[in-house]
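So this block is query.tsv, TSV, C-alpha atoms:
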chain	number	residue	atom	x	y	z
A	1	MET	CA	0.00	0.00	0.00
A	2	TYR	CA	2.74	2.45	0.91
A	3	GLU	CA	5.35	1.08	-1.49
A	4	VAL	CA	6.21	4.53	-2.81
A	5	VAL	CA	7.23	5.50	0.73
A	6	THR	CA	8.97	2.29	1.79
A	7	GLN	CA	10.88	2.10	-1.50
A	8	SER	CA	12.04	5.67	-1.05
A	9	LEU	CA	13.30	4.90	2.48
A	10	ARG	CA	15.01	1.68	1.37
A	11	ALA	CA	16.63	3.45	-1.59
A	12	LEU	CA	18.81	5.31	0.92
A	13	VAL	CA	19.50	2.66	3.57
A	14	ASP	CA	19.01	-1.10	3.56
A	15	PHE	CA	16.59	-1.14	6.52
A	16	THR	CA	15.41	-4.44	7.99
A	17	ASP	CA	11.64	-5.08	7.91
A	18	GLU	CA	11.55	-4.37	11.64
A	19	GLU	CA	13.34	-1.03	11.28
A	20	LEU	CA	11.08	-0.09	8.40
A	21	PHE	CA	8.04	-0.95	10.49
A	22	GLY	CA	9.41	1.21	13.34
A	23	PHE	CA	9.94	4.04	10.85
A	24	MET	CA	6.45	3.77	9.35
A	25	GLN	CA	4.91	3.85	12.83
A	26	LYS	CA	6.45	7.30	13.38
A	27	LEU	CA	4.92	8.72	10.18
A	28	LYS	CA	1.63	10.59	10.60
A	29	PRO	CA	-0.62	10.71	7.51
A	30	LEU	CA	-2.22	13.97	6.34
A	31	ARG	CA	-4.34	14.81	3.29
A	32	LEU	CA	-3.85	18.26	1.78
A	33	LYS	CA	-6.50	19.66	-0.56
A	34	LYS	CA	-5.31	21.19	-3.83
A	35	HIS	CA	-4.06	24.79	-3.22
A	36	SER	CA	-4.01	24.38	0.57
A	37	PHE	CA	-0.79	25.08	2.48
A	38	TYR	CA	1.33	22.75	4.53
A	39	LEU	CA	3.52	25.63	5.71
A	40	LYS	CA	3.26	29.44	5.79
A	41	PRO	CA	5.70	32.22	6.75
A	42	GLY	CA	6.07	32.66	10.50
A	43	GLN	CA	5.32	29.01	11.30
A	44	VAL	CA	8.02	26.60	12.47
A	45	CYS	CA	8.33	23.57	10.21
A	46	GLN	CA	7.55	20.91	12.83
A	47	SER	CA	7.78	17.88	10.55
A	48	MET	CA	9.52	16.88	7.35
A	49	VAL	CA	7.07	15.26	4.96
A	50	ILE	CA	7.29	12.50	2.40
A	51	ILE	CA	4.77	12.47	-0.43
A	52	HIS	CA	2.67	9.37	-0.96
A	53	GLN	CA	0.56	10.80	-3.77
A	54	GLY	CA	0.48	14.28	-5.26
A	55	ALA	CA	2.77	17.28	-5.67
A	56	LEU	CA	4.00	20.14	-3.47
A	57	ARG	CA	5.55	23.49	-4.30
A	58	TYR	CA	7.98	25.34	-2.07
A	59	PHE	CA	8.15	29.13	-2.60
A	60	LEU	CA	8.86	32.62	-1.27
A	61	ARG	CA	6.44	35.50	-1.83
A	62	ASN	CA	7.81	39.04	-1.86
A	63	GLU	CA	7.46	42.34	-3.70
A	64	LYS	CA	8.88	40.68	-6.83
A	65	GLY	CA	6.08	38.07	-6.75
A	66	ASP	CA	6.44	34.33	-6.10
A	67	GLN	CA	9.92	32.81	-6.23
A	68	THR	CA	9.49	29.06	-6.57
A	69	LEU	CA	12.37	27.27	-4.87
A	70	GLY	CA	11.36	23.73	-5.76
A	71	PHE	CA	8.77	21.04	-6.34
A	72	ALA	CA	8.38	17.59	-4.79
A	73	PHE	CA	6.50	14.55	-6.03
A	74	GLU	CA	5.74	10.96	-4.94
A	75	GLY	CA	8.45	9.39	-2.74
A	76	GLU	CA	10.28	12.71	-2.24
A	77	TRP	CA	10.90	14.52	1.06
A	78	LEU	CA	10.06	18.17	1.55
A	79	GLY	CA	9.94	20.70	4.35
A	80	ASP	CA	11.86	23.81	5.35
A	81	TYR	CA	14.76	21.79	6.71
A	82	GLU	CA	16.45	24.91	8.11
A	83	SER	CA	13.32	25.89	10.08
A	84	PHE	CA	12.91	22.23	11.14
A	85	LEU	CA	16.50	21.90	12.43
A	86	LEU	CA	16.73	25.32	14.09
A	87	LYS	CA	13.08	25.51	15.21
A	88	SER	CA	13.06	28.97	13.63
A	89	PRO	CA	10.07	30.53	11.82
A	90	THR	CA	10.06	29.83	8.10
A	91	HIS	CA	9.93	32.47	5.35
A	92	CYS	CA	8.42	29.96	2.92
A	93	TYR	CA	5.15	28.61	1.72
A	94	ILE	CA	4.60	24.94	0.94
A	95	GLU	CA	1.48	24.50	-1.18
A	96	ALA	CA	-0.29	21.41	-2.51
A	97	LEU	CA	-0.47	21.63	-6.32
A	98	GLU	CA	-2.90	18.70	-6.44
A	99	ASP	CA	-4.87	16.83	-3.75
A	100	THR	CA	-1.84	15.42	-1.94
A	101	ASP	CA	-1.35	12.63	0.61
A	102	ILE	CA	1.70	13.08	2.80
A	103	PHE	CA	3.32	11.44	5.81
A	104	MET	CA	4.87	13.68	8.46
A	105	LEU	CA	7.93	12.88	10.57
A	106	SER	CA	8.29	15.20	13.59
A	107	TYR	CA	11.60	16.52	14.93
A	108	THR	CA	11.26	14.55	18.19
A	109	ASP	CA	10.39	11.33	16.39
A	110	MET	CA	13.33	11.83	14.05
A	111	GLN	CA	15.74	12.24	16.99
A	112	GLN	CA	14.30	9.09	18.58
A	113	LEU	CA	14.96	7.17	15.36
A	114	TYR	CA	18.54	8.49	15.25
A	115	ASP	CA	19.10	7.16	18.78
A	116	LYS	CA	17.71	3.76	17.81
A	117	SER	CA	20.42	2.50	15.49
A	118	GLN	CA	23.34	3.40	13.27
A	119	ARG	CA	21.24	2.85	10.15
A	120	PHE	CA	18.83	5.60	11.15
A	121	GLU	CA	21.78	7.93	11.76
A	122	ARG	CA	23.00	7.02	8.30
A	123	PHE	CA	19.57	7.78	6.86
A	124	GLY	CA	19.69	11.21	8.53
A	125	ARG	CA	23.18	11.85	7.23
A	126	LEU	CA	22.26	10.88	3.67
A	127	ILE	CA	19.10	13.04	3.72
A	128	ALA	CA	21.12	16.00	5.02
A	129	GLU	CA	23.81	15.42	2.36
A	130	ARG	CA	21.16	15.29	-0.41
A	131	LEU	CA	19.46	18.44	0.78
A	132	PHE	CA	22.86	20.11	1.02
A	133	ILE	CA	23.75	19.15	-2.57
A	134	GLU	CA	20.39	20.32	-3.88
A	135	THR	CA	20.67	23.67	-2.09
A	136	ALA	CA	24.32	24.21	-3.06
A	137	LYS	CA	23.49	23.49	-6.71
A	138	SER	CA	20.56	25.83	-6.76
A	139	LYS	CA	22.63	28.56	-5.06
A	140	SER	CA	25.43	28.26	-7.59
A	141	LYS	CA	22.88	28.28	-10.44
A	142	LEU	CA	21.52	31.56	-9.09
A	143	LEU	CA	25.04	32.99	-9.14
A	144	THR	CA	26.18	31.67	-12.49
A	145	GLN	CA	23.46	30.42	-14.85
A	146	THR	CA	21.21	32.27	-17.28
A	147	ALA	CA	17.48	31.50	-17.40
A	148	GLU	CA	18.05	29.56	-20.65
A	149	ASP	CA	20.77	27.41	-19.01
A	150	ARG	CA	18.39	26.64	-16.14
A	151	TYR	CA	15.58	25.79	-18.58
A	152	LEU	CA	17.73	23.37	-20.58
A	153	GLU	CA	18.98	21.69	-17.43
A	154	LEU	CA	15.45	21.27	-16.08
A	155	LEU	CA	14.32	19.84	-19.42
A	156	THR	CA	17.15	17.29	-19.30
A	157	ASN	CA	16.93	16.31	-15.63
A	158	GLN	CA	13.20	16.54	-14.88
A	159	PRO	CA	11.29	16.42	-18.19
A	160	GLN	CA	8.18	15.09	-16.40
A	161	ILE	CA	7.76	18.50	-14.73
A	162	PHE	CA	6.74	19.97	-18.10
A	163	GLU	CA	3.92	17.44	-18.43
A	164	ARG	CA	2.68	17.77	-14.89
A	165	LEU	CA	2.87	21.47	-14.00
A	166	PRO	CA	1.56	24.68	-15.59
A	167	LEU	CA	4.20	26.76	-17.41
A	168	ALA	CA	3.60	29.75	-15.11
A	169	LEU	CA	4.91	27.73	-12.15
A	170	ILE	CA	7.90	26.49	-14.12
A	171	ALA	CA	8.68	30.09	-15.13
A	172	SER	CA	8.55	31.10	-11.45
A	173	TYR	CA	10.98	28.26	-10.64
A	174	LEU	CA	13.34	29.48	-13.38
A	175	GLY	CA	13.10	33.01	-11.99
A	176	ILE	CA	11.53	34.52	-15.14
A	177	GLN	CA	8.18	35.75	-16.48
A	178	PRO	CA	5.95	33.21	-18.33
A	179	GLN	CA	6.39	35.22	-21.57
A	180	SER	CA	10.18	34.91	-21.28
A	181	LEU	CA	9.83	31.15	-20.83
A	182	SER	CA	7.68	30.98	-23.99
A	183	ARG	CA	10.36	32.91	-25.90
A	184	ILE	CA	13.13	30.63	-24.61
A	185	ARG	CA	11.11	27.54	-25.60
A	186	ALA	CA	10.46	28.92	-29.08
A	187	ARG	CA	14.16	29.72	-29.50
A	188	VAL	CA	15.27	26.29	-28.29
A	189	VAL	CA	12.74	24.45	-30.49
A	190	SER	CA	13.86	26.42	-33.56
A	191	GLY	CA	17.45	25.45	-32.73
A	192	LYS	CA	18.76	29.01	-32.42
A	193	ASN	CA	20.87	30.14	-29.52
B	1	MET	CA	48.84	20.39	20.79
B	2	TYR	CA	45.86	19.96	18.51
B	3	GLU	CA	43.25	21.17	21.00
B	4	VAL	CA	41.63	23.47	18.48
B	5	VAL	CA	40.90	20.41	16.32
B	6	THR	CA	39.91	17.95	19.05
B	7	GLN	CA	37.69	20.55	20.73
B	8	SER	CA	35.96	21.22	17.44
B	9	LEU	CA	35.30	17.49	16.93
B	10	ARG	CA	34.06	17.03	20.52
B	11	ALA	CA	31.81	20.08	20.23
B	12	LEU	CA	29.67	18.08	17.80
B	13	VAL	CA	29.79	14.57	19.29
B	14	ASP	CA	30.93	13.30	22.67
B	15	PHE	CA	33.66	11.02	21.27
B	16	THR	CA	35.59	8.69	23.59
B	17	ASP	CA	39.37	9.21	23.74
B	18	GLU	CA	39.81	6.07	21.65
B	19	GLU	CA	37.42	7.30	18.96
B	20	LEU	CA	39.10	10.68	18.94
B	21	PHE	CA	42.49	9.02	18.55
B	22	GLY	CA	41.11	6.94	15.64
B	23	PHE	CA	39.77	10.16	14.08
B	24	MET	CA	43.04	12.07	14.49
B	25	GLN	CA	44.95	9.18	12.87
B	26	LYS	CA	42.89	9.66	9.69
B	27	LEU	CA	43.73	13.38	9.47
B	28	LYS	CA	46.66	14.27	7.19
B	29	PRO	CA	48.45	17.55	8.01
B	30	LEU	CA	49.27	20.10	5.30
B	31	ARG	CA	50.81	23.57	5.46
B	32	LEU	CA	49.54	26.12	2.95
B	33	LYS	CA	51.60	29.24	2.27
B	34	LYS	CA	49.74	32.59	2.29
B	35	HIS	CA	47.96	33.10	-1.09
B	36	SER	CA	48.46	29.47	-2.19
B	37	PHE	CA	45.43	27.40	-3.19
B	38	TYR	CA	44.01	24.29	-1.60
B	39	LEU	CA	41.52	23.86	-4.45
B	40	LYS	CA	41.10	25.21	-7.97
B	41	PRO	CA	38.34	24.91	-10.60
B	42	GLY	CA	38.37	21.57	-12.43
B	43	GLN	CA	39.84	19.65	-9.49
B	44	VAL	CA	37.78	17.22	-7.41
B	45	CYS	CA	37.74	18.13	-3.73
B	46	GLN	CA	39.30	14.90	-2.40
B	47	SER	CA	39.33	15.86	1.27
B	48	MET	CA	37.43	18.08	3.64
B	49	VAL	CA	39.82	20.13	5.75
B	50	ILE	CA	39.78	21.43	9.30
B	51	ILE	CA	41.91	24.46	10.12
B	52	HIS	CA	44.44	24.20	12.91
B	53	GLN	CA	45.90	27.68	12.44
B	54	GLY	CA	45.17	30.33	9.82
B	55	ALA	CA	42.35	31.36	7.51
B	56	LEU	CA	40.90	30.17	4.20
B	57	ARG	CA	38.69	31.87	1.64
B	58	TYR	CA	36.25	30.04	-0.63
B	59	PHE	CA	35.34	31.88	-3.86
B	60	LEU	CA	34.19	31.80	-7.49
B	61	ARG	CA	35.96	33.81	-10.19
B	62	ASN	CA	33.99	34.87	-13.26
B	63	GLU	CA	33.52	37.81	-15.61
B	64	LYS	CA	32.03	39.80	-12.72
B	65	GLY	CA	35.24	39.31	-10.69
B	66	ASP	CA	35.65	37.28	-7.49
B	67	GLN	CA	32.51	36.21	-5.62
B	68	THR	CA	33.57	35.24	-2.10
B	69	LEU	CA	31.29	32.50	-0.79
B	70	GLY	CA	32.80	32.21	2.66
B	71	PHE	CA	35.73	32.24	5.05
B	72	ALA	CA	36.92	29.64	7.55
B	73	PHE	CA	39.15	30.02	10.61
B	74	GLU	CA	40.66	27.85	13.36
B	75	GLY	CA	38.59	24.78	14.25
B	76	GLU	CA	36.26	25.20	11.25
B	77	TRP	CA	35.73	22.73	8.40
B	78	LEU	CA	35.95	23.77	4.76
B	79	GLY	CA	35.96	22.16	1.34
B	80	ASP	CA	33.66	22.01	-1.66
B	81	TYR	CA	31.35	19.50	0.01
B	82	GLU	CA	29.32	19.05	-3.17
B	83	SER	CA	32.44	18.16	-5.21
B	84	PHE	CA	33.62	15.96	-2.32
B	85	LEU	CA	30.35	14.00	-2.09
B	86	LEU	CA	29.70	13.67	-5.84
B	87	LYS	CA	33.37	13.39	-6.88
B	88	SER	CA	32.58	16.10	-9.43
B	89	PRO	CA	34.99	18.86	-10.50
B	90	THR	CA	34.68	22.00	-8.44
B	91	HIS	CA	34.00	25.51	-9.80
B	92	CYS	CA	35.62	27.09	-6.76
B	93	TYR	CA	38.91	28.29	-5.43
B	94	ILE	CA	40.00	27.77	-1.84
B	95	GLU	CA	42.86	30.13	-0.97
B	96	ALA	CA	44.98	30.53	2.15
B	97	LEU	CA	44.65	34.13	3.40
B	98	GLU	CA	47.54	33.60	5.84
B	99	ASP	CA	50.12	30.83	6.28
B	100	THR	CA	47.64	28.11	7.21
B	101	ASP	CA	47.97	24.68	8.84
B	102	ILE	CA	45.18	22.30	7.96
B	103	PHE	CA	44.26	18.66	8.47
B	104	MET	CA	42.68	16.76	5.58
B	105	LEU	CA	40.10	13.98	5.86
B	106	SER	CA	39.69	12.01	2.61
B	107	TYR	CA	36.39	10.66	1.29
B	108	THR	CA	37.49	7.03	1.77
B	109	ASP	CA	38.68	7.65	5.32
B	110	MET	CA	35.44	9.45	6.11
B	111	GLN	CA	33.38	6.47	4.88
B	112	GLN	CA	35.54	4.13	6.99
B	113	LEU	CA	34.85	6.25	10.06
B	114	TYR	CA	31.11	6.18	9.32
B	115	ASP	CA	31.22	2.37	9.24
B	116	LYS	CA	33.08	2.28	12.55
B	117	SER	CA	30.38	3.45	14.94
B	118	GLN	CA	27.11	5.29	15.33
B	119	ARG	CA	28.87	8.31	16.79
B	120	PHE	CA	30.85	8.84	13.60
B	121	GLU	CA	27.63	8.58	11.58
B	122	ARG	CA	26.17	11.20	13.90
B	123	PHE	CA	29.22	13.40	13.34
B	124	GLY	CA	28.68	13.11	9.56
B	125	ARG	CA	24.99	13.90	9.91
B	126	LEU	CA	25.63	16.97	12.06
B	127	ILE	CA	28.34	18.26	9.69
B	128	ALA	CA	25.98	17.78	6.72
B	129	GLU	CA	23.16	19.52	8.60
B	130	ARG	CA	25.41	22.48	9.47
B	131	LEU	CA	26.65	22.85	5.93
B	132	PHE	CA	23.07	22.62	4.72
B	133	ILE	CA	21.92	25.38	7.08
B	134	GLU	CA	24.83	27.62	6.09
B	135	THR	CA	24.16	27.13	2.37
B	136	ALA	CA	20.40	27.55	2.72
B	137	LYS	CA	20.87	30.78	4.67
B	138	SER	CA	23.31	32.22	2.19
B	139	LYS	CA	21.01	31.27	-0.71
B	140	SER	CA	18.02	32.96	0.89
B	141	LYS	CA	20.15	36.04	1.65
B	142	LEU	CA	21.06	36.24	-2.03
B	143	LEU	CA	17.37	36.16	-2.88
B	144	THR	CA	16.08	38.55	-0.26
B	145	GLN	CA	18.66	40.75	1.49
B	146	THR	CA	20.22	44.04	0.50
B	147	ALA	CA	23.97	44.56	0.82
B	148	GLU	CA	23.37	46.69	3.92
B	149	ASP	CA	21.30	43.91	5.55
B	150	ARG	CA	24.12	41.46	4.86
B	151	TYR	CA	26.71	43.88	6.26
B	152	LEU	CA	24.78	44.42	9.51
B	153	GLU	CA	24.26	40.68	9.94
B	154	LEU	CA	27.95	39.96	9.40
B	155	LEU	CA	28.90	42.69	11.88
B	156	THR	CA	26.60	41.12	14.49
B	157	ASN	CA	27.46	37.46	13.92
B	158	GLN	CA	31.15	37.55	12.99
B	159	PRO	CA	32.62	40.89	14.18
B	160	GLN	CA	36.13	39.35	14.31
B	161	ILE	CA	36.12	39.14	10.50
B	162	PHE	CA	36.43	42.94	10.35
B	163	GLU	CA	39.59	42.83	12.45
B	164	ARG	CA	41.20	39.96	10.63
B	165	LEU	CA	40.46	40.46	6.93
B	166	PRO	CA	40.95	43.33	4.45
B	167	LEU	CA	37.78	45.25	3.59
B	168	ALA	CA	38.11	44.36	-0.11
B	169	LEU	CA	37.57	40.67	0.74
B	170	ILE	CA	34.63	41.47	2.99
B	171	ALA	CA	33.10	43.56	0.19
B	172	SER	CA	33.51	40.60	-2.18
B	173	TYR	CA	31.75	38.38	0.38
B	174	LEU	CA	28.89	40.90	0.62
B	175	GLY	CA	28.66	40.97	-3.18
B	176	ILE	CA	29.52	44.67	-3.51
B	177	GLN	CA	32.40	46.96	-4.49
B	178	PRO	CA	34.80	48.13	-1.73
B	179	GLN	CA	33.62	51.74	-2.24
B	180	SER	CA	30.00	50.67	-1.62
B	181	LEU	CA	31.07	48.94	1.59
B	182	SER	CA	32.81	52.15	2.73
B	183	ARG	CA	29.62	54.11	2.00
B	184	ILE	CA	27.48	51.59	3.93
B	185	ARG	CA	29.88	51.73	6.89
B	186	ALA	CA	29.84	55.53	6.92
B	187	ARG	CA	26.04	55.54	6.77
B	188	VAL	CA	25.69	52.97	9.57
B	189	VAL	CA	28.22	54.76	11.80
B	190	SER	CA	26.39	58.07	11.31
B	191	GLY	CA	23.17	56.29	12.34
B	192	LYS	CA	21.26	57.04	9.10
B	193	ASN	CA	19.36	54.37	7.22
Will you turn the file into structure tokens for me?
Amino acid sequence: MYEVVTQSLRALVDFTDEELFGFMQKLKPLRLKKHSFYLKPGQVCQSMVIIHQGALRYFLRNEKGDQTLGFAFEGEWLGDYESFLLKSPTHCYIEALEDTDIFMLSYTDMQQLYDKSQRFERFGRLIAERLFIETAKSKSKLLTQTAEDRYLELLTNQPQIFERLPLALIASYLGIQPQSLSRIRARVVSGKN
Amino acid sequence: MYEVVTQSLRALVDFTDEELFGFMQKLKPLRLKKHSFYLKPGQVCQSMVIIHQGALRYFLRNEKGDQTLGFAFEGEWLGDYESFLLKSPTHCYIEALEDTDIFMLSYTDMQQLYDKSQRFERFGRLIAERLFIETAKSKSKLLTQTAEDRYLELLTNQPQIFERLPLALIASYLGIQPQSLSRIRARVVSGKN
């Protein structure tokens, strides 16, 4: 029933069935309606979530409009990990893009798992390393890449995003206006640079 | 003799003397002359380093000039953690700002420590979490803060940087020209906003 979740956990660490059962017992299910929020600015991110079914968007809203920081789909973890670790208020929104079923893992439960065995510590380390790599990459893209570079990379690495999400959201993720994304797409299709 | 290093390790995890000895045995010492490089673009970051004495700067160089991403001092870890984890070529420079004594921990040695005990896994998790938080903060500052915000925050959190490093490097870290930093400092001192 929850294969998408158990497979995602086992992809990182070779948990025994017993460990996996202990892990699943800590996860609290929640259903988010389309366009409802899991997290809003000022709240502390109390739990990291893994998606069973659906899609979430993670964004900032300021005078420049929405800046989409990322998306997450089935089997992927999301949360404001900084707010979660430091128990500090978030600046971000996390919104359900579809009706979305998630499982939540609270900070206290996560620490209890870490104390349980070395494999849970390893899981925590690998999650932190992945989130680090993702954040470092996106920071260096902000510093160095053009919008067209970011578009081409997204098209190569996550082509399914273009089938699943509206172009306006993808434009916000690339840090450009929807019209600019249309122009880039037209230019790329026609083979010009 | 190496208190600055052992204290830094013990600040994260309560290692036994035996574990700490095992850790120190993995660390390879290296002396970097002032203005020499520990890492240059195109190289893979083979080891993370901890500073025993001295100071390192971590930066990108492109058509806009040098973009300083961070500094590290005694007892602090540095490296291109993304390049280290993915064994991918770095885009960064790491430069010694003074004659600097470091200890290097290689990827293979780090994995061997992780396999050794849960406390080493915990150490790895906490290091990854810290690096994540640092990167996430600096990314969100890039997206949301003005140069003056970044200056005031640096002055509050790391005042010693202003005593130890030339203003041109601090300006590069704040993403501005040295003249702009002088103007911001004059404005802040005079109490205007």
Contact set, chain B to chain A: 6 Å, all atoms listed in the file, as a ChimeraX atom specification: /B:82,118,121-122,125,128-129,132-133,139
Atom pair CA of Lys26 in chain B / CA of Gln46 in chain B: separation (Å):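 For CA of Lys26 in chain B relative to CA of Gln46 in chain B, the distance reads 13.7 Å.
Straight-line separation from CA of Gln7 in chain A to CA of Lys28 in chain A: 17.4 Å.
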Counting all atoms listed in the file, the residue of A:Cys45, A:Glu76, A:Tyr173, A:Glu63 that sits nearest Ala11 in chain A: A:Glu76
Distance query Leu9 in chain A at most 9 Å, all atoms listed in the file, self and fewer than 5 positions along chain excluded, as a list in words: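 So, after excluding close chain neighbours, the residues are Val4, Asp14, Phe15, Leu20, Gly75 and Phe123 of chain A.
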Pairwise distance for CA of Phe37 in chain B and CA of Phe21 in chain B, rounded to one decimal in Å: 28.6 Å
Expected axis-aligned box over every listed atom of range 106-116 of chain B, 5 Å added per side, centre plus edges in Å to one decimal, as AutoDock Vina command-line options:
--center_x 35.4 --center_y 7.1 --center_z 6.9 --size_x 18.6 --size_y 19.7 --size_z 21.3
